[in-house]
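Next up, data.cif (mmCIF, C-alpha atoms):
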```
data_start
#
loop_
_atom_site.group_PDB
_atom_site.id
_atom_site.type_symbol
_atom_site.label_atom_id
_atom_site.label_comp_id
_atom_site.auth_asym_id
_atom_site.auth_seq_id
_atom_site.Cartn_x
_atom_site.Cartn_y
_atom_site.Cartn_z
ATOM 1 C CA MET J 1 -27.096 -70.143 34.718
ATOM 2 C CA ASP J 2 -29.880 -69.328 32.319
ATOM 3 C CA LEU J 3 -28.072 -67.796 29.353
ATOM 4 C CA LEU J 4 -25.860 -69.530 26.818
ATOM 5 C CA GLN J 5 -23.323 -67.417 24.963
ATOM 6 C CA LEU J 6 -21.610 -68.712 21.832
ATOM 7 C CA VAL J 7 -18.297 -67.050 21.091
ATOM 8 C CA TRP J 8 -17.322 -67.550 17.471
ATOM 9 C CA CYS J 9 -13.685 -67.132 16.520
ATOM 10 C CA PRO J 10 -13.008 -66.948 12.750
ATOM 11 C CA LEU J 11 -9.253 -67.440 13.205
ATOM 12 C CA ILE J 12 -7.897 -70.814 12.128
ATOM 13 C CA HIS J 13 -6.614 -72.703 15.178
ATOM 14 C CA PRO J 14 -3.904 -75.360 14.725
ATOM 15 C CA GLN J 15 -5.330 -77.447 17.610
ATOM 16 C CA ASP J 16 -8.611 -77.922 15.701
ATOM 17 C CA GLN J 17 -8.065 -80.853 13.319
ATOM 18 C CA ALA J 18 -10.855 -79.669 11.005
ATOM 19 C CA GLY J 19 -9.134 -76.340 10.337
ATOM 20 C CA ALA J 20 -12.397 -74.494 10.943
ATOM 21 C CA ALA J 21 -13.595 -71.713 13.208
ATOM 22 C CA LEU J 22 -13.315 -72.539 16.897
ATOM 23 C CA PRO J 23 -16.575 -72.075 18.826
ATOM 24 C CA LYS J 24 -16.685 -71.764 22.622
ATOM 25 C CA LEU J 25 -19.719 -71.921 24.880
ATOM 26 C CA TYR J 26 -20.162 -69.941 28.075
ATOM 27 C CA TRP J 27 -23.029 -70.375 30.537
ATOM 28 C CA ARG J 28 -23.954 -67.089 32.174
ATOM 29 C CA SER J 29 -26.639 -65.565 34.336
ATOM 30 C CA GLU J 30 -29.045 -63.186 32.598
ATOM 31 C CA ALA J 31 -29.128 -61.062 35.764
ATOM 32 C CA GLU J 32 -25.318 -60.783 35.671
ATOM 33 C CA VAL J 33 -25.377 -59.729 32.021
ATOM 34 C CA LEU J 34 -28.041 -57.104 32.743
ATOM 35 C CA THR J 35 -25.957 -55.792 35.667
ATOM 36 C CA THR J 36 -22.633 -55.615 33.838
ATOM 37 C CA GLY J 37 -24.110 -54.494 30.527
ATOM 38 C CA LEU J 38 -23.409 -55.597 26.993
ATOM 39 C CA LEU J 39 -20.078 -55.382 25.246
ATOM 40 C CA ARG J 40 -20.192 -52.092 23.341
ATOM 41 C CA ASP J 41 -16.882 -52.112 21.476
ATOM 42 C CA ILE J 42 -16.852 -55.470 19.759
ATOM 43 C CA PRO J 43 -13.262 -56.482 18.942
ATOM 44 C CA SER J 44 -12.642 -57.564 15.398
ATOM 45 C CA PRO J 45 -9.586 -59.169 13.807
ATOM 46 C CA GLN J 46 -7.462 -57.234 11.337
ATOM 47 C CA GLU J 47 -7.861 -57.914 7.626
ATOM 48 C CA GLY J 48 -5.980 -61.105 6.688
ATOM 49 C CA GLU J 49 -5.879 -62.468 10.259
ATOM 50 C CA TYR J 50 -8.990 -64.577 9.843
ATOM 51 C CA GLU J 51 -10.563 -67.017 7.422
ATOM 52 C CA GLU J 52 -13.103 -64.981 5.437
ATOM 53 C CA GLU J 53 -15.498 -67.918 4.952
ATOM 54 C CA PHE J 54 -15.974 -68.199 8.740
ATOM 55 C CA MET J 55 -16.729 -64.512 9.319
ATOM 56 C CA PRO J 56 -20.506 -64.082 9.816
ATOM 57 C CA ASN J 57 -22.434 -60.879 9.209
ATOM 58 C CA PRO J 58 -24.451 -59.521 12.140
ATOM 59 C CA CYS J 59 -28.086 -60.541 11.758
ATOM 60 C CA ALA J 60 -31.331 -61.032 13.640
ATOM 61 C CA VAL J 61 -32.589 -64.494 14.569
ATOM 62 C CA SER J 62 -36.208 -65.462 13.999
ATOM 63 C CA PRO J 63 -36.836 -68.952 15.386
ATOM 64 C CA THR J 64 -39.273 -71.230 13.608
ATOM 65 C CA LEU J 65 -40.563 -74.448 15.162
ATOM 66 C CA VAL J 66 -40.135 -77.437 12.825
ATOM 67 C CA VAL J 67 -40.341 -81.208 13.042
ATOM 68 C CA GLU J 68 -37.371 -82.995 11.542
ATOM 69 C CA TYR J 69 -35.944 -86.481 11.327
ATOM 70 C CA PRO J 70 -32.448 -87.975 11.310
ATOM 71 C CA ASN J 71 -30.836 -88.590 7.960
ATOM 72 C CA TRP J 72 -27.586 -90.596 8.117
ATOM 73 C CA ASP J 73 -28.410 -91.496 11.715
ATOM 74 C CA LEU J 74 -31.324 -93.787 10.939
ATOM 75 C CA PRO J 75 -30.664 -97.310 12.247
ATOM 76 C CA ARG J 76 -29.603 -99.574 9.371
ATOM 77 C CA GLU J 77 -32.655 -101.858 9.670
ATOM 78 C CA LEU J 78 -35.056 -98.895 9.669
ATOM 79 C CA TRP J 79 -33.240 -97.367 6.683
ATOM 80 C CA ARG J 80 -33.704 -100.603 4.709
ATOM 81 C CA THR J 81 -37.400 -100.652 5.588
ATOM 82 C CA LEU J 82 -37.930 -96.984 4.670
ATOM 83 C CA GLN J 83 -35.652 -96.821 1.621
ATOM 84 C CA PRO J 84 -38.376 -97.506 -0.999
ATOM 85 C CA ARG J 85 -40.607 -94.806 0.544
ATOM 86 C CA ILE J 86 -37.678 -92.368 0.816
ATOM 87 C CA GLU J 87 -36.788 -92.913 -2.861
ATOM 88 C CA GLU J 88 -40.437 -92.311 -3.772
ATOM 89 C CA LEU J 89 -40.477 -89.035 -1.796
ATOM 90 C CA GLU J 90 -37.178 -87.900 -3.351
ATOM 91 C CA GLU J 91 -38.525 -88.518 -6.847
ATOM 92 C CA HIS J 92 -41.890 -86.879 -6.096
ATOM 93 C CA PHE J 93 -40.419 -83.714 -4.556
ATOM 94 C CA GLY J 94 -37.189 -83.608 -6.599
ATOM 95 C CA MET J 95 -35.101 -83.336 -3.431
ATOM 96 C CA GLU J 96 -32.740 -85.569 -1.499
ATOM 97 C CA TYR J 97 -34.016 -87.082 1.744
ATOM 98 C CA THR J 98 -31.795 -84.798 3.856
ATOM 99 C CA GLY J 99 -33.539 -81.736 2.407
ATOM 100 C CA LEU J 100 -36.922 -83.266 3.189
ATOM 101 C CA ALA J 101 -36.114 -84.587 6.668
ATOM 102 C CA CYS J 102 -33.731 -82.038 8.195
ATOM 103 C CA ALA J 103 -33.906 -78.295 8.686
ATOM 104 C CA LEU J 104 -30.833 -77.223 6.722
ATOM 105 C CA GLN J 105 -30.252 -74.009 8.615
ATOM 106 C CA ASN J 106 -28.988 -72.541 11.847
ATOM 107 C CA LYS J 107 -30.931 -74.226 14.601
ATOM 108 C CA VAL J 108 -31.091 -75.234 18.227
ATOM 109 C CA GLY J 109 -31.813 -78.909 18.859
ATOM 110 C CA GLY J 110 -33.016 -81.375 16.281
ATOM 111 C CA TYR J 111 -30.544 -83.376 14.232
ATOM 112 C CA PRO J 112 -27.299 -82.452 12.524
ATOM 113 C CA ALA J 113 -27.835 -82.436 8.748
ATOM 114 C CA TRP J 114 -24.614 -84.367 8.157
ATOM 115 C CA ASN J 115 -22.942 -84.071 4.749
ATOM 116 C CA GLN J 116 -20.359 -86.646 5.817
ATOM 117 C CA PRO J 117 -21.002 -89.831 7.813
ATOM 118 C CA PRO J 118 -22.161 -88.975 11.371
ATOM 119 C CA ASP J 119 -19.435 -88.174 13.876
ATOM 120 C CA TRP J 120 -21.172 -87.934 17.263
ATOM 121 C CA PRO J 121 -18.720 -86.940 20.000
ATOM 122 C CA ALA J 122 -18.567 -88.559 23.427
ATOM 123 C CA CYS J 123 -17.599 -86.793 26.630
ATOM 124 C CA GLU J 124 -14.619 -87.903 28.724
ATOM 125 C CA ARG J 125 -16.914 -90.263 30.669
ATOM 126 C CA GLY J 126 -18.023 -91.958 27.455
ATOM 127 C CA HIS J 127 -21.557 -90.512 27.159
ATOM 128 C CA ARG J 128 -22.704 -89.797 23.629
ATOM 129 C CA MET J 129 -23.295 -86.052 23.470
ATOM 130 C CA GLU J 130 -26.540 -84.612 22.151
ATOM 131 C CA HIS J 131 -26.876 -82.084 19.345
ATOM 132 C CA LEU J 132 -27.181 -78.600 20.831
ATOM 133 C CA LEU J 133 -27.056 -76.313 17.801
ATOM 134 C CA SER J 134 -26.026 -76.006 14.170
ATOM 135 C CA VAL J 135 -24.340 -73.030 12.539
ATOM 136 C CA THR J 136 -24.676 -73.301 8.769
ATOM 137 C CA PRO J 137 -23.868 -71.067 5.790
ATOM 138 C CA GLU J 138 -27.237 -69.355 5.511
ATOM 139 C CA GLU J 139 -27.706 -66.492 3.099
ATOM 140 C CA ASP J 140 -28.152 -63.833 5.811
ATOM 141 C CA LEU J 141 -24.852 -64.807 7.440
ATOM 142 C CA ASP J 142 -23.013 -64.690 4.087
ATOM 143 C CA MET J 143 -20.706 -67.550 5.108
ATOM 144 C CA VAL J 144 -19.438 -70.386 2.923
ATOM 145 C CA MET J 145 -17.768 -72.804 5.401
ATOM 146 C CA GLY J 146 -16.280 -75.282 2.959
ATOM 147 C CA ASP J 147 -18.672 -77.176 0.699
ATOM 148 C CA LEU J 148 -21.913 -75.852 2.253
ATOM 149 C CA GLY J 149 -21.444 -77.777 5.469
ATOM 150 C CA GLY J 150 -21.749 -76.463 8.968
ATOM 151 C CA ILE J 151 -20.430 -76.548 12.478
ATOM 152 C CA TYR J 152 -22.430 -78.621 14.926
ATOM 153 C CA LEU J 153 -22.149 -78.110 18.675
ATOM 154 C CA PHE J 154 -22.858 -80.937 21.095
ATOM 155 C CA LEU J 155 -23.451 -81.006 24.838
ATOM 156 C CA CYS J 156 -23.383 -83.696 27.517
ATOM 157 C CA ARG J 157 -26.177 -82.992 29.978
ATOM 158 C CA GLN J 158 -25.367 -86.177 31.896
ATOM 159 C CA CYS J 159 -22.225 -84.555 33.287
ATOM 160 C CA PRO J 160 -22.612 -81.715 35.825
ATOM 161 C CA GLU J 161 -19.936 -79.521 34.211
ATOM 162 C CA LEU J 162 -21.847 -79.651 30.855
ATOM 163 C CA PRO J 163 -18.895 -80.472 28.592
ATOM 164 C CA TYR J 164 -19.308 -79.611 24.944
ATOM 165 C CA ALA J 165 -17.666 -80.452 21.643
ATOM 166 C CA HIS J 166 -18.042 -79.389 18.047
ATOM 167 C CA ARG J 167 -17.757 -81.005 14.654
ATOM 168 C CA TYR J 168 -17.099 -79.317 11.334
ATOM 169 C CA ASP J 169 -18.951 -81.027 8.505
ATOM 170 C CA CYS J 170 -18.205 -79.802 4.986
#
```
Show me, as structure tokens, the structure contained in the file I just sent.
Amino acid sequence: MDLLQLVWCPLIHPQDQAGAALPKLYWRSEAEVLTTGLLRDIPSPQEGEYEEEFMPNPCAVSPTLVVEYPNWDLPRELWRTLQPRIEELEEHFGMEYTGLACALQNKVGGYPAWNQPPDWPACERGHRMEHLLSVTPEEDLDMVMGDLGGIYLFLCRQCPELPYAHRYDC
């Protein structure tokens, strides 16, 4: 499989404790997609059936390569060592460390730009999952998603079935 498809459901699902949109990942073959064609009639929920703040607008994606650093995930000892320098940078640039260290946008890879304390999921075998992608309330998507948080998707590449999980961070 060489194609990852993210299906984004803006309905509120009772089984999701966060009360957010429920993302699902599907691994597919590009050749299969080219053979069967694209979905032409995209289904959409009826007005009032979905949570408006989780309904994205169609948009184009233009990837940009960036270098970023963890924010809340820095080891405690390293945070203590770097704290004076981080405070100096925050004062100099007039921004919080998270805005300086993390790409606060939709992205593949990198680090979640946690608003709340980190909540890294583990797969059923106990492996800490790695950050796969972030979906955030960017201007072009016209989404709010709580208090400017995001939904982070995680993947366990140590397990052959590639289990995934998500976290809503508002």
*Rank J:Leu3, J:Leu133, J:Cys123, J:Leu82 by their smallest atom-to-atom distance to Glu161 in chain J, using only C-alpha atoms, and report the top residue only.*
J:Cys123
_Pro117 in chain J surroundings by all atoms listed in the file, 12 Å radius, close-in-sequence under 2 positions cut, as an MDAnalysis selection string_ = chainID J and resid 71:74 112:115 119:120 167:170
*Restricting the calculation to all atoms listed in the file, which member of J:Trp8, J:Trp27, J:Trp79, J:Tyr69 is positioned closest to His166 in chain J?*
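Looking only at the distances to His166 in chain J, the closest residue turns out to be J:Trp8.
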*asked:* Quick one: residues within 12 Å of Arg157 in chain J, all atoms listed in the file, excluding same-chain residues fewer than 4 positions away - as number ranges by chain?
replied: J: 122-123, 125, 127-132, 161-164
*For CA of Pro137 in chain J and CA of Gln5 in chain J, determine how far apart the two atoms are, in Å to one decimal place.*
19.5 Å
_Could you tell me how far CA of Val108 in chain J sits from CA of Leu89 in chain J, in Å to one decimal place?_
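Interatomic distance here is 26.1 Å.
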*Name the closest residue to Ile151 in chain J among the candidates J:Ala21, J:Ala103, J:Pro10, J:Gly110; distances are taken between atoms, counting all atoms listed in the file.*
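So, comparing all the options, the nearest one is J:Ala21.
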*To one decimal place, how far is CA of Glu68 in chain J from CA of Glu90 in chain J in Å?*
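According to the coordinates, CA of Glu68 in chain J and CA of Glu90 in chain J are separated by 15.7 Å.
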*J:Pro121, J:Thr64, J:Thr98, J:Phe154: which is nearest Ile86 in chain J, counting all atoms listed in the file?*
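Going through J:Pro121, J:Thr64, J:Thr98, J:Phe154 one by one, the smallest distance to Ile86 in chain J is for J:Thr98.
With only C-alpha atoms as the atoms that count, the minimum distance from Phe54 in chain J to the choices J:Leu11, J:Ala165, J:Met95, J:Met1 is reached by J:Leu11.
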Since fewer atoms than expected are present, regenerate all heavy atoms for range 149-160 of chain J and write them as a short mmCIF file (atom, residue, chain, number, x, y, z; two decimals), in the coordinates of the input.
```
data_model
loop_
_atom_site.label_atom_id
_atom_site.label_comp_id
_atom_site.auth_asym_id
_atom_site.auth_seq_id
_atom_site.Cartn_x
_atom_site.Cartn_y
_atom_site.Cartn_z
N GLY J 149 -21.23 -77.01 4.25
CA GLY J 149 -21.44 -77.78 5.47
C GLY J 149 -21.81 -76.87 6.61
O GLY J 149 -22.40 -75.81 6.42
N GLY J 150 -21.44 -77.26 7.80
CA GLY J 150 -21.75 -76.46 8.97
C GLY J 150 -20.90 -76.89 10.14
O GLY J 150 -20.11 -77.83 10.05
N ILE J 151 -21.07 -76.17 11.23
CA ILE J 151 -20.43 -76.55 12.48
C ILE J 151 -21.54 -76.92 13.44
O ILE J 151 -22.49 -76.16 13.64
CB ILE J 151 -19.56 -75.41 13.03
CG1 ILE J 151 -18.37 -75.19 12.07
CG2 ILE J 151 -19.06 -75.74 14.43
CD1 ILE J 151 -17.42 -74.11 12.49
N TYR J 152 -21.43 -78.12 14.01
CA TYR J 152 -22.43 -78.62 14.93
C TYR J 152 -21.83 -78.63 16.32
O TYR J 152 -20.71 -79.09 16.52
CB TYR J 152 -22.87 -80.03 14.54
CG TYR J 152 -23.33 -80.13 13.09
CD1 TYR J 152 -22.77 -81.05 12.23
CD2 TYR J 152 -24.30 -79.28 12.60
CE1 TYR J 152 -23.18 -81.14 10.91
CE2 TYR J 152 -24.72 -79.35 11.28
CZ TYR J 152 -24.16 -80.28 10.44
OH TYR J 152 -24.57 -80.36 9.14
N LEU J 153 -22.59 -78.11 17.28
CA LEU J 153 -22.15 -78.11 18.68
C LEU J 153 -22.96 -79.13 19.45
O LEU J 153 -24.17 -79.26 19.24
CB LEU J 153 -22.30 -76.72 19.29
CG LEU J 153 -21.20 -75.78 18.78
CD1 LEU J 153 -21.75 -74.85 17.74
CD2 LEU J 153 -20.58 -75.05 19.92
N PHE J 154 -22.26 -79.86 20.32
CA PHE J 154 -22.86 -80.94 21.10
C PHE J 154 -22.62 -80.69 22.57
O PHE J 154 -21.63 -80.07 22.96
CB PHE J 154 -22.23 -82.28 20.70
CG PHE J 154 -22.43 -82.61 19.24
CD1 PHE J 154 -21.52 -82.16 18.29
CD2 PHE J 154 -23.51 -83.36 18.83
CE1 PHE J 154 -21.69 -82.44 16.95
CE2 PHE J 154 -23.69 -83.66 17.49
CZ PHE J 154 -22.78 -83.20 16.54
N LEU J 155 -23.50 -81.23 23.40
CA LEU J 155 -23.45 -81.01 24.84
C LEU J 155 -23.75 -82.31 25.56
O LEU J 155 -24.57 -83.11 25.10
CB LEU J 155 -24.52 -79.97 25.20
CG LEU J 155 -24.66 -79.56 26.65
CD1 LEU J 155 -23.47 -78.70 27.06
CD2 LEU J 155 -25.95 -78.79 26.85
N CYS J 156 -23.07 -82.53 26.68
CA CYS J 156 -23.38 -83.70 27.52
C CYS J 156 -24.10 -83.19 28.76
O CYS J 156 -23.49 -82.61 29.65
CB CYS J 156 -22.12 -84.46 27.92
SG CYS J 156 -22.52 -85.90 28.96
N ARG J 157 -25.39 -83.42 28.81
CA ARG J 157 -26.18 -82.99 29.98
C ARG J 157 -26.14 -84.03 31.09
O ARG J 157 -26.68 -83.80 32.16
CB ARG J 157 -27.62 -82.70 29.57
CG ARG J 157 -27.69 -81.43 28.72
CD ARG J 157 -29.06 -80.88 28.62
NE ARG J 157 -29.90 -81.70 27.77
CZ ARG J 157 -31.18 -81.47 27.57
NH1 ARG J 157 -31.77 -80.47 28.16
NH2 ARG J 157 -31.88 -82.24 26.77
N GLN J 158 -25.50 -85.17 30.85
CA GLN J 158 -25.37 -86.18 31.90
C GLN J 158 -24.25 -85.83 32.87
O GLN J 158 -24.21 -86.34 33.97
CB GLN J 158 -25.11 -87.55 31.28
CG GLN J 158 -26.27 -88.05 30.42
CD GLN J 158 -25.95 -89.40 29.81
OE1 GLN J 158 -25.60 -90.33 30.51
NE2 GLN J 158 -26.05 -89.48 28.49
N CYS J 159 -23.35 -84.97 32.45
CA CYS J 159 -22.22 -84.56 33.29
C CYS J 159 -22.52 -83.17 33.87
O CYS J 159 -22.96 -82.28 33.14
CB CYS J 159 -20.93 -84.50 32.47
SG CYS J 159 -20.42 -86.12 31.84
N PRO J 160 -22.27 -82.99 35.18
CA PRO J 160 -22.61 -81.72 35.83
C PRO J 160 -21.88 -80.50 35.27
O PRO J 160 -22.41 -79.39 35.28
CB PRO J 160 -22.26 -81.94 37.30
CG PRO J 160 -21.43 -83.16 37.34
CD PRO J 160 -21.68 -83.94 36.09
#
```
